[in-house]
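**Student:** As input, take work27.txt (compact mmCIF, C-alpha atoms and all ligand atoms):
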```
# COMPACT_ATOMS: atom_id res chain seq x y z
CA MET U 1 54.76 -254.49 237.74
CA CYS U 2 52.20 -253.33 235.30
CA ASP U 3 50.47 -251.48 238.10
CA PHE U 4 53.67 -249.57 238.83
CA LEU U 5 54.13 -248.47 235.26
CA GLU U 6 50.60 -247.22 235.17
CA LEU U 7 51.11 -245.54 238.48
CA MET U 8 54.25 -243.81 237.21
CA GLU U 9 52.35 -242.47 234.23
CA SER U 10 49.48 -241.19 236.35
CA VAL U 11 51.94 -239.65 238.81
CA LYS U 12 53.67 -237.84 235.93
CA LEU U 13 50.30 -236.44 234.87
CA GLU U 14 49.50 -235.49 238.42
CA ILE U 15 52.75 -233.60 238.80
CA LYS U 16 52.02 -231.60 235.67
CA SER U 17 48.74 -230.34 237.09
CA ILE U 18 50.58 -228.83 240.09
CA LYS U 19 50.69 -225.04 240.04
CA THR U 20 52.44 -223.96 243.22
CA LEU U 21 55.42 -224.94 245.32
CA LYS U 22 53.08 -225.65 248.20
CA GLU U 23 51.03 -228.09 246.14
CA LEU U 24 54.27 -229.73 245.03
CA ASP U 25 55.35 -230.23 248.62
CA THR U 26 52.01 -231.83 249.49
CA PHE U 27 52.48 -234.09 246.49
CA ARG U 28 55.99 -235.01 247.61
CA ILE U 29 54.79 -235.92 251.10
CA LYS U 30 51.98 -237.98 249.62
CA TYR U 31 54.45 -240.22 247.76
CA LEU U 32 57.84 -239.86 249.42
CA GLY U 33 56.94 -238.84 252.97
CA LYS U 34 57.49 -241.04 256.04
CA LYS U 35 53.87 -242.16 255.91
CA GLY U 36 53.65 -241.75 252.18
CA TYR U 37 52.88 -244.17 249.40
CA ILE U 38 56.36 -245.65 249.03
CA SER U 39 56.96 -246.16 252.74
CA SER U 40 53.61 -247.86 253.16
CA LYS U 41 54.35 -250.14 250.18
CA MET U 42 57.76 -251.01 251.65
CA ILE U 43 56.10 -251.91 254.94
CA GLN U 44 53.67 -254.16 253.11
CA LEU U 45 56.63 -255.98 251.52
CA ARG U 46 57.45 -257.57 254.88
CA ASN U 47 54.77 -260.13 254.23
CA VAL U 48 56.00 -261.01 250.76
CA SER U 49 58.47 -263.71 249.74
CA LEU U 50 62.09 -262.66 249.58
CA LYS U 51 62.31 -263.01 245.84
CA LYS U 52 59.20 -260.95 245.22
CA ARG U 53 60.26 -258.47 247.87
CA LYS U 54 63.58 -257.88 246.09
CA GLU U 55 61.84 -257.48 242.79
CA ILE U 56 59.20 -255.10 244.05
CA SER U 57 61.52 -253.08 246.25
CA SER U 58 63.89 -252.50 243.37
CA ILE U 59 60.93 -251.26 241.31
CA LEU U 60 59.83 -249.11 244.22
CA ASN U 61 63.32 -247.69 244.60
CA ARG U 62 63.49 -246.84 240.93
CA PHE U 63 60.10 -245.26 241.21
CA LYS U 64 61.30 -243.30 244.21
CA THR U 65 64.49 -242.09 242.50
CA ASN U 66 62.57 -241.23 239.41
CA LEU U 67 59.94 -239.35 241.32
CA LYS U 68 62.53 -237.49 243.38
CA SER U 69 64.28 -236.25 240.30
CA ASN U 70 60.95 -235.38 238.69
CA ILE U 71 59.92 -233.43 241.76
CA ASN U 72 63.28 -231.62 241.85
CA GLU U 73 63.08 -230.75 238.23
CA TYR U 74 59.54 -229.53 238.61
CA LYS U 75 60.45 -227.61 241.70
CA GLN U 76 63.13 -225.73 239.81
CA GLU U 77 60.67 -225.08 237.04
CA LEU U 78 58.07 -223.70 239.47
CA GLU U 79 60.68 -221.56 241.24
CA LYS U 80 61.71 -220.14 237.90
CA GLN U 81 58.11 -219.36 237.04
CA THR U 82 57.53 -217.65 240.39
CA PHE U 83 60.71 -215.63 239.96
CA CYS U 84 59.69 -214.60 236.45
CA LYS U 85 56.29 -213.50 237.72
CA VAL U 86 57.93 -211.32 240.38
CA LEU U 87 60.27 -209.88 237.79
CA GLU U 88 57.41 -209.15 235.48
CA LYS U 89 55.43 -207.48 238.21
CA ASP U 90 58.29 -205.32 239.44
CA SER U 91 59.93 -204.73 236.14
CA ILE U 92 60.73 -201.28 234.85
CA ASP U 93 60.71 -200.66 231.16
CA VAL U 94 63.90 -198.67 230.84
CA SER U 95 63.21 -198.03 227.19
CA LEU U 96 60.03 -196.05 227.99
CA VAL U 97 60.28 -192.31 227.49
CA GLY U 98 60.41 -190.66 230.92
CA ARG U 99 57.58 -188.50 232.18
CA ARG U 100 58.79 -184.95 232.49
CA ASN U 101 57.91 -182.77 235.42
CA SER U 102 56.99 -179.50 233.89
CA ILE U 103 58.68 -176.70 235.71
CA GLY U 104 56.88 -173.41 236.04
CA THR U 105 58.33 -170.31 234.50
CA LEU U 106 58.16 -166.71 235.52
CA HIS U 107 55.09 -164.89 234.30
CA PRO U 108 55.94 -162.57 231.38
CA VAL U 109 54.87 -159.57 233.44
CA THR U 110 57.13 -160.56 236.34
CA ARG U 111 59.94 -161.17 233.88
CA MET U 112 59.44 -157.75 232.35
CA ILE U 113 59.35 -156.03 235.73
CA ASP U 114 62.62 -157.80 236.69
CA ASP U 115 64.16 -156.66 233.45
CA ILE U 116 63.08 -153.05 233.94
CA GLU U 117 64.16 -153.08 237.58
CA ASN U 118 67.63 -154.26 236.55
CA PHE U 119 67.89 -151.48 234.03
CA PHE U 120 67.05 -148.80 236.59
CA LEU U 121 69.11 -150.39 239.37
CA LYS U 122 72.20 -150.01 237.19
CA LEU U 123 71.43 -146.31 236.88
CA GLY U 124 71.34 -145.92 240.66
CA PHE U 125 67.59 -146.01 241.21
CA GLY U 126 66.19 -147.62 244.35
CA ILE U 127 63.16 -149.90 244.23
CA VAL U 128 60.11 -149.17 246.35
CA ARG U 129 57.19 -151.56 246.61
CA GLY U 130 54.21 -149.76 247.91
CA GLN U 131 50.89 -150.63 249.37
CA GLU U 132 47.97 -151.54 247.13
CA ILE U 133 45.33 -150.42 249.61
CA ASP U 134 45.60 -146.72 250.13
CA ASP U 135 43.46 -143.70 250.79
CA ASP U 136 41.95 -140.75 249.06
CA TYR U 137 44.72 -138.46 250.15
CA HIS U 138 47.73 -140.40 248.82
CA ASN U 139 46.06 -141.66 245.65
CA PHE U 140 44.32 -138.40 244.68
CA ASP U 141 44.40 -135.29 246.89
CA ALA U 142 48.12 -135.02 247.47
CA LEU U 143 48.72 -135.64 243.79
CA ASN U 144 46.85 -132.45 242.98
CA ILE U 145 43.89 -134.36 241.55
CA SER U 146 40.77 -132.24 241.91
CA LYS U 147 37.82 -133.43 244.00
CA ASN U 148 35.62 -133.66 240.94
CA HIS U 149 38.09 -135.55 238.75
CA PRO U 150 36.24 -138.35 236.91
CA SER U 151 38.82 -140.99 237.87
CA ARG U 152 37.59 -140.75 241.48
CA THR U 153 34.15 -142.15 240.71
CA ASP U 154 33.03 -145.75 241.29
CA HIS U 155 33.18 -146.11 237.56
CA ASP U 156 36.94 -146.08 237.72
CA THR U 157 38.01 -146.65 241.31
CA PHE U 158 37.34 -149.59 243.65
CA TRP U 159 36.40 -147.97 246.95
CA PHE U 160 36.26 -149.85 250.27
CA ASP U 161 34.53 -146.93 251.93
CA SER U 162 34.48 -143.16 251.51
CA ASN U 163 38.22 -143.00 252.19
CA ARG U 164 39.97 -146.28 251.48
CA LEU U 165 40.50 -147.63 247.99
CA LEU U 166 42.56 -149.97 245.84
CA ARG U 167 45.20 -147.68 244.40
CA THR U 168 44.50 -146.72 240.81
CA GLN U 169 48.10 -145.77 240.12
CA THR U 170 51.56 -146.35 241.49
CA SER U 171 51.80 -142.55 241.74
CA ASN U 172 50.43 -142.96 245.29
CA MET U 173 53.96 -143.99 246.19
CA GLN U 174 55.34 -140.67 244.97
CA ILE U 175 53.61 -139.08 247.94
CA ARG U 176 54.46 -141.79 250.46
CA SER U 177 58.11 -141.87 249.38
CA MET U 178 58.53 -138.10 249.43
CA ILE U 179 57.05 -137.99 252.95
CA LYS U 180 59.25 -140.82 254.20
CA MET U 181 62.53 -140.66 252.33
CA LYS U 182 65.42 -138.25 252.61
CA LEU U 183 66.26 -136.11 249.62
CA PRO U 184 67.51 -136.61 247.00
CA ILE U 185 65.07 -139.30 245.85
CA LYS U 186 65.66 -141.59 242.89
CA ILE U 187 63.27 -144.51 242.81
CA ILE U 188 61.08 -146.71 240.70
CA VAL U 189 57.91 -148.29 242.04
CA PRO U 190 56.71 -151.42 240.30
CA GLY U 191 53.37 -152.79 241.40
CA LYS U 192 49.76 -153.69 240.90
CA VAL U 193 47.07 -151.11 240.35
CA TYR U 194 43.32 -151.50 240.07
CA ARG U 195 40.66 -149.91 237.92
CA ASN U 196 37.09 -150.78 237.14
CA ASP U 197 37.63 -151.65 233.49
CA TYR U 198 37.49 -154.80 231.40
CA ASP U 199 38.04 -155.16 227.67
CA SER U 200 40.80 -156.18 225.26
CA THR U 201 43.07 -153.36 226.43
CA HIS U 202 41.99 -153.11 230.09
CA THR U 203 41.88 -155.50 233.04
CA PRO U 204 40.72 -154.57 236.56
CA MET U 205 44.22 -155.28 237.83
CA PHE U 206 47.35 -154.44 235.92
CA HIS U 207 50.92 -153.39 236.61
CA GLN U 208 52.59 -150.04 236.47
CA ILE U 209 56.08 -148.80 237.04
CA GLU U 210 56.40 -145.35 238.47
CA GLY U 211 59.61 -143.40 238.37
CA LEU U 212 60.44 -140.47 240.61
CA VAL U 213 63.56 -138.35 240.85
CA ILE U 214 63.72 -135.33 243.18
CA ASP U 215 66.87 -133.30 243.58
CA LYS U 216 68.26 -129.86 243.01
CA ASN U 217 68.51 -128.80 239.38
CA ILE U 218 66.46 -131.57 237.87
CA ASN U 219 65.05 -130.52 234.54
CA PHE U 220 63.12 -131.83 231.59
CA SER U 221 66.23 -132.84 229.65
CA ASN U 222 67.17 -135.25 232.47
CA LEU U 223 63.74 -136.82 232.10
CA LYS U 224 64.01 -136.97 228.34
CA TRP U 225 67.43 -138.62 228.54
CA ILE U 226 66.34 -141.37 230.90
CA ILE U 227 63.17 -142.14 228.96
CA GLU U 228 65.05 -142.37 225.66
CA LEU U 229 67.72 -144.55 227.19
CA PHE U 230 65.10 -146.85 228.69
CA LEU U 231 62.96 -147.21 225.56
CA ASN U 232 65.96 -147.95 223.36
CA TYR U 233 67.04 -150.60 225.84
CA PHE U 234 63.60 -152.09 226.17
CA PHE U 235 62.80 -152.32 222.48
CA TYR U 236 66.36 -153.44 221.58
CA LYS U 237 66.83 -150.82 218.88
CA ASN U 238 67.06 -147.16 218.12
CA ILE U 239 63.39 -146.38 217.95
CA ASN U 240 61.70 -143.14 217.02
CA ILE U 241 60.43 -141.46 220.17
CA ARG U 242 58.10 -138.49 220.38
CA PHE U 243 57.38 -136.34 223.45
CA ARG U 244 53.87 -134.98 223.06
CA PRO U 245 52.57 -132.22 225.39
CA SER U 246 49.86 -133.57 227.64
CA TYR U 247 48.16 -133.01 230.97
CA PHE U 248 48.47 -134.77 234.30
CA PRO U 249 47.38 -133.03 237.50
CA PHE U 250 50.55 -134.04 239.33
CA THR U 251 53.09 -132.85 236.74
CA PHE U 252 53.83 -129.58 235.04
CA LEU U 253 55.07 -129.68 232.28
CA SER U 254 53.42 -132.94 231.35
CA SER U 255 54.13 -135.12 228.41
CA GLU U 256 53.06 -138.34 226.84
CA VAL U 257 55.68 -140.40 225.08
CA ASP U 258 54.95 -142.18 221.82
CA ILE U 259 57.06 -144.61 219.86
CA LEU U 260 56.86 -145.17 216.14
CA GLY U 261 55.51 -148.66 215.46
CA ASP U 262 56.51 -150.96 212.59
CA ASN U 263 53.31 -149.93 210.84
CA ASN U 264 54.50 -146.29 210.90
CA LYS U 265 51.90 -145.32 213.49
CA TRP U 266 52.71 -143.54 216.75
CA LEU U 267 51.86 -145.57 219.86
CA GLU U 268 51.44 -144.00 223.27
CA ILE U 269 53.76 -145.71 225.70
CA LEU U 270 53.99 -143.73 228.92
CA GLY U 271 53.19 -140.53 230.74
CA CYS U 272 55.71 -138.28 232.40
CA GLY U 273 56.50 -134.74 233.43
CA MET U 274 58.11 -132.43 235.92
CA VAL U 275 56.63 -132.93 239.38
CA HIS U 276 54.05 -130.20 239.98
CA PRO U 277 55.08 -127.59 242.60
CA ASN U 278 51.74 -128.16 244.36
CA VAL U 279 52.68 -131.80 244.86
CA LEU U 280 56.08 -130.87 246.28
CA ASN U 281 54.47 -128.35 248.58
CA ASN U 282 51.94 -130.96 249.75
CA VAL U 283 54.81 -133.05 251.11
CA ASN U 284 56.76 -130.09 252.42
CA ILE U 285 59.51 -130.08 249.83
CA ASP U 286 60.56 -126.58 248.92
CA SER U 287 59.74 -126.27 245.24
CA GLU U 288 62.00 -123.21 245.01
CA ILE U 289 65.02 -125.36 245.84
CA TYR U 290 64.05 -128.79 244.63
CA SER U 291 62.55 -130.02 241.41
CA GLY U 292 61.89 -133.44 240.04
CA TYR U 293 60.53 -135.57 237.30
CA ALA U 294 58.13 -138.50 237.33
CA PHE U 295 56.98 -141.05 234.86
CA GLY U 296 54.52 -143.91 234.82
CA LEU U 297 54.15 -146.77 232.42
CA GLY U 298 51.82 -149.70 232.07
CA VAL U 299 53.81 -152.93 232.12
CA GLU U 300 51.28 -155.10 230.25
CA ARG U 301 51.00 -152.44 227.60
CA ILE U 302 54.70 -152.37 226.80
CA VAL U 303 54.94 -156.18 226.91
CA MET U 304 52.05 -156.27 224.43
CA LEU U 305 53.90 -153.86 222.16
CA ARG U 306 57.16 -155.72 222.45
CA TYR U 307 55.63 -159.10 221.59
CA GLY U 308 52.72 -158.06 219.37
CA ILE U 309 50.03 -159.26 221.81
CA SER U 310 46.61 -157.85 220.99
CA ASP U 311 44.48 -158.77 224.01
CA ILE U 312 45.67 -157.87 227.52
CA ARG U 313 43.34 -160.48 229.11
CA ILE U 314 45.61 -163.32 227.92
CA PHE U 315 48.09 -162.40 230.67
CA PHE U 316 45.68 -163.48 233.37
CA GLU U 317 43.95 -166.51 231.90
CA ASN U 318 46.59 -169.05 233.00
CA ASP U 319 46.80 -170.36 229.46
CA LEU U 320 49.92 -172.56 229.50
CA LYS U 321 50.30 -172.37 225.73
CA PHE U 322 50.72 -168.63 226.09
CA LEU U 323 52.79 -168.65 229.25
CA LYS U 324 55.24 -171.33 228.08
CA GLN U 325 56.42 -169.10 225.28
CA PHE U 326 58.17 -166.92 227.84
CA LYS U 327 60.89 -169.26 229.09
N1 LIG E 401 49.61 -142.21 237.05
C1 LIG E 401 49.36 -142.07 235.64
C2 LIG E 401 48.28 -143.04 235.19
O1 LIG E 401 48.04 -143.97 235.91
C3 LIG E 401 50.61 -142.34 234.84
C4 LIG E 401 51.62 -141.26 235.02
C5 LIG E 401 51.63 -140.19 234.18
C6 LIG E 401 52.51 -141.32 236.05
C7 LIG E 401 52.55 -139.17 234.31
C8 LIG E 401 53.43 -140.29 236.24
C9 LIG E 401 53.43 -139.21 235.33
O2 LIG E 401 54.32 -140.29 237.22
O3 LIG E 401 54.33 -138.23 235.51
O4 LIG E 401 47.73 -142.88 234.17
```
Can you turn what I pasted into structure tokens?
Ligand code: DAH
**Tutor:**
Amino acid sequence: MCDFLELMESVKLEIKSIKTLKELDTFRIKYLGKKGYISSKMIQLRNVSLKKRKEISSILNRFKTNLKSNINEYKQELEKQTFCKVLEKDSIDVSLVGRRNSIGTLHPVTRMIDDIENFFLKLGFGIVRGQEIDDDYHNFDALNISKNHPSRTDHDTFWFDSNRLLRTQTSNMQIRSMIKMKLPIKIIVPGKVYRNDYDSTHTPMFHQIEGLVIDKNINFSNLKWIIELFLNYFFYKNINIRFRPSYFPFTFLSSEVDILGDNNKWLEILGCGMVHPNVLNNVNIDSEIYSGYAFGLGVERIVMLRYGISDIRIFFENDLKFLKQFK
């Protein structure tokens, strides 16, 4: 009897040291299994007097019932623990702040070109996207640029060989469009141009937008009107605009356009003029019948003016702090 009580105590301790359901099952078999402790004790009882047998078997049965319920209880406990562990492992903290995927935005230059394109589309201009690799003829000769013009040197132009180059201006597409398109022509040409320059106001690649209108009776006032309309749209206000006489080989008359900055200083913003008769003749357009105007502006430059950016290189440094401001 005393032995049994001790045994019960030690069994209770044993059960507490069990960590897994598998261990618990082994434990159960050890005591309650067919060949387990209780069965073997029962078998031994055959050789004991009836009175003693009754006494011991009732103790054994109590032990068995007790143990069964202990095992069941402990089993539930272990199952709960296992379940909790799984939950913990797979749990999602719904109160955590989500990680955002940052979505890219359009580059400010692209955005500006889209904006300018939309403006000119509404006025009936077509959009031409020209080639960036061109030749001597379309980038210089046909535009009435003399053979000894300084812009032709390696200092300014990226040459592939004696003939092919990275275009230095979108004006190359004036020539290509006039050769290819039917008159009248009314286009803008946004695109990349390349020059061998690098400082706070120059990068080796930048963007220009060229405008070209060829028709009968086109005159300087048409040019002036479109430029004024565009600049007032682009800078959101009625700005002071000045047409200053200038020189470009491919236009005559030529003009540079300045706007009056907030600091009361004039800022050069674009070049323009009436297409030079030599240029028209070069592409077999009769300059006695047709006339036209052209203009060219640097996209980065006007974005810099619009947003007060002082260094052009920031556009191409992939600095997210800068780029994210243009959402
Ligand atoms: N191609 C000139 C440049 O890159 C800009 C320009 C000036 C374009 C006057 C024109 C124009 O069409 O008429 O500096």
**Student:** Could I get the residues of chain U with an atom no further than 8 Å from an atom of ligand LIG 401 (chain E), each paired with its nearest atom pair and that distance in Å to one decimal, using all atoms listed in the file, sorted by chain and residue number, as CSV?
**Tutor:**
```
residue,atom,partner,partner_atom,distance
U:Thr168,CA,E:LIG401,O1,6.6
U:Gln169,CA,E:LIG401,O1,4.6
U:Thr170,CA,E:LIG401,N1,6.4
U:Ser171,CA,E:LIG401,N1,5.2
U:Gln174,CA,E:LIG401,O2,7.8
U:Gln208,CA,E:LIG401,O1,7.6
U:Glu210,CA,E:LIG401,O2,5.6
U:Gly211,CA,E:LIG401,O2,6.2
U:Leu212,CA,E:LIG401,O2,7.0
U:Phe248,CA,E:LIG401,C7,6.0
U:Phe250,CA,E:LIG401,O3,6.8
U:Thr251,CA,E:LIG401,O3,5.7
U:Ser254,CA,E:LIG401,O3,6.8
U:Ser255,CA,E:LIG401,C7,7.3
U:Glu256,CA,E:LIG401,C7,7.5
U:Leu270,CA,E:LIG401,C5,6.8
U:Gly271,CA,E:LIG401,C5,3.8
U:Cys272,CA,E:LIG401,O3,3.4
U:Gly273,CA,E:LIG401,O3,4.6
U:Met274,CA,E:LIG401,O3,6.9
U:Val275,CA,E:LIG401,O3,7.0
U:Tyr293,CA,E:LIG401,O3,7.0
U:Ala294,CA,E:LIG401,O2,4.2
U:Phe295,CA,E:LIG401,O2,3.6
U:Gly296,CA,E:LIG401,C6,3.5
U:Leu297,CA,E:LIG401,C3,6.2
U:Gly298,CA,E:LIG401,O1,7.9
```
**Student:** Please, what distance in Å, to one decimal, runs between CA of Ile92 (chain U) and CA of Leu78 (chain U)?
**Tutor:**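 Answer for the CA of Ile92 (chain U) to CA of Leu78 (chain U) separation: 23.0 Å.
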**Student:** Using CA of Asn282 (chain U) and CA of Ile188 (chain U) as the two end points, give the distance in Å to one decimal.
**Tutor:** 20.3 Å
**Student:** Grab the CA of Val303 (chain U) to CA of Val109 (chain U) distance for me, in Å with one decimal place.
**Tutor:**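 Rounded to one decimal, the two atoms are 7.4 Å apart.
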**Student:** For a quick check of understanding, using only C-alpha atoms, which of U:Ile133, U:Ile218, U:Ile289, U:Met8 has the smallest distance to Arg164 (chain U)?
**Tutor:**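 With only C-alpha atoms as the atom set, the closest residue is U:Ile133.
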**Student:** Quick one: of U:Ile285, U:Met205, U:Ile175, U:Val94, who's nearest to Asp156 (chain U), counting only C-alpha atoms?
**Tutor:** U:Met205
**Student:** Find the residue from U:Asn240, U:Asn101, U:Asn196, U:Ser291 that sits nearest to Ser151 (chain U); use only C-alpha atoms when measuring.
**Tutor:**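 That would be U:Asn196, the residue with the smallest distance to Ser151 (chain U).
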**Student:** For Thr203 (chain U), which residue among U:Glu6, U:Asp311, U:Asp25, U:Asp258 is the nearest when counting all atoms listed in the file?
**Tutor:**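 Among the listed residues, the smallest separation from Thr203 (chain U) belongs to U:Asp311.
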**Student:** Set the distance at 6 Å and use all atoms listed in the file: which residues neighbour region 121-132 of chain U once local chain neighbours fewer than 6 positions away are removed? I'd like the list as a PyMOL selection string.
**Tutor:** chain U and resi 166-167+186-189
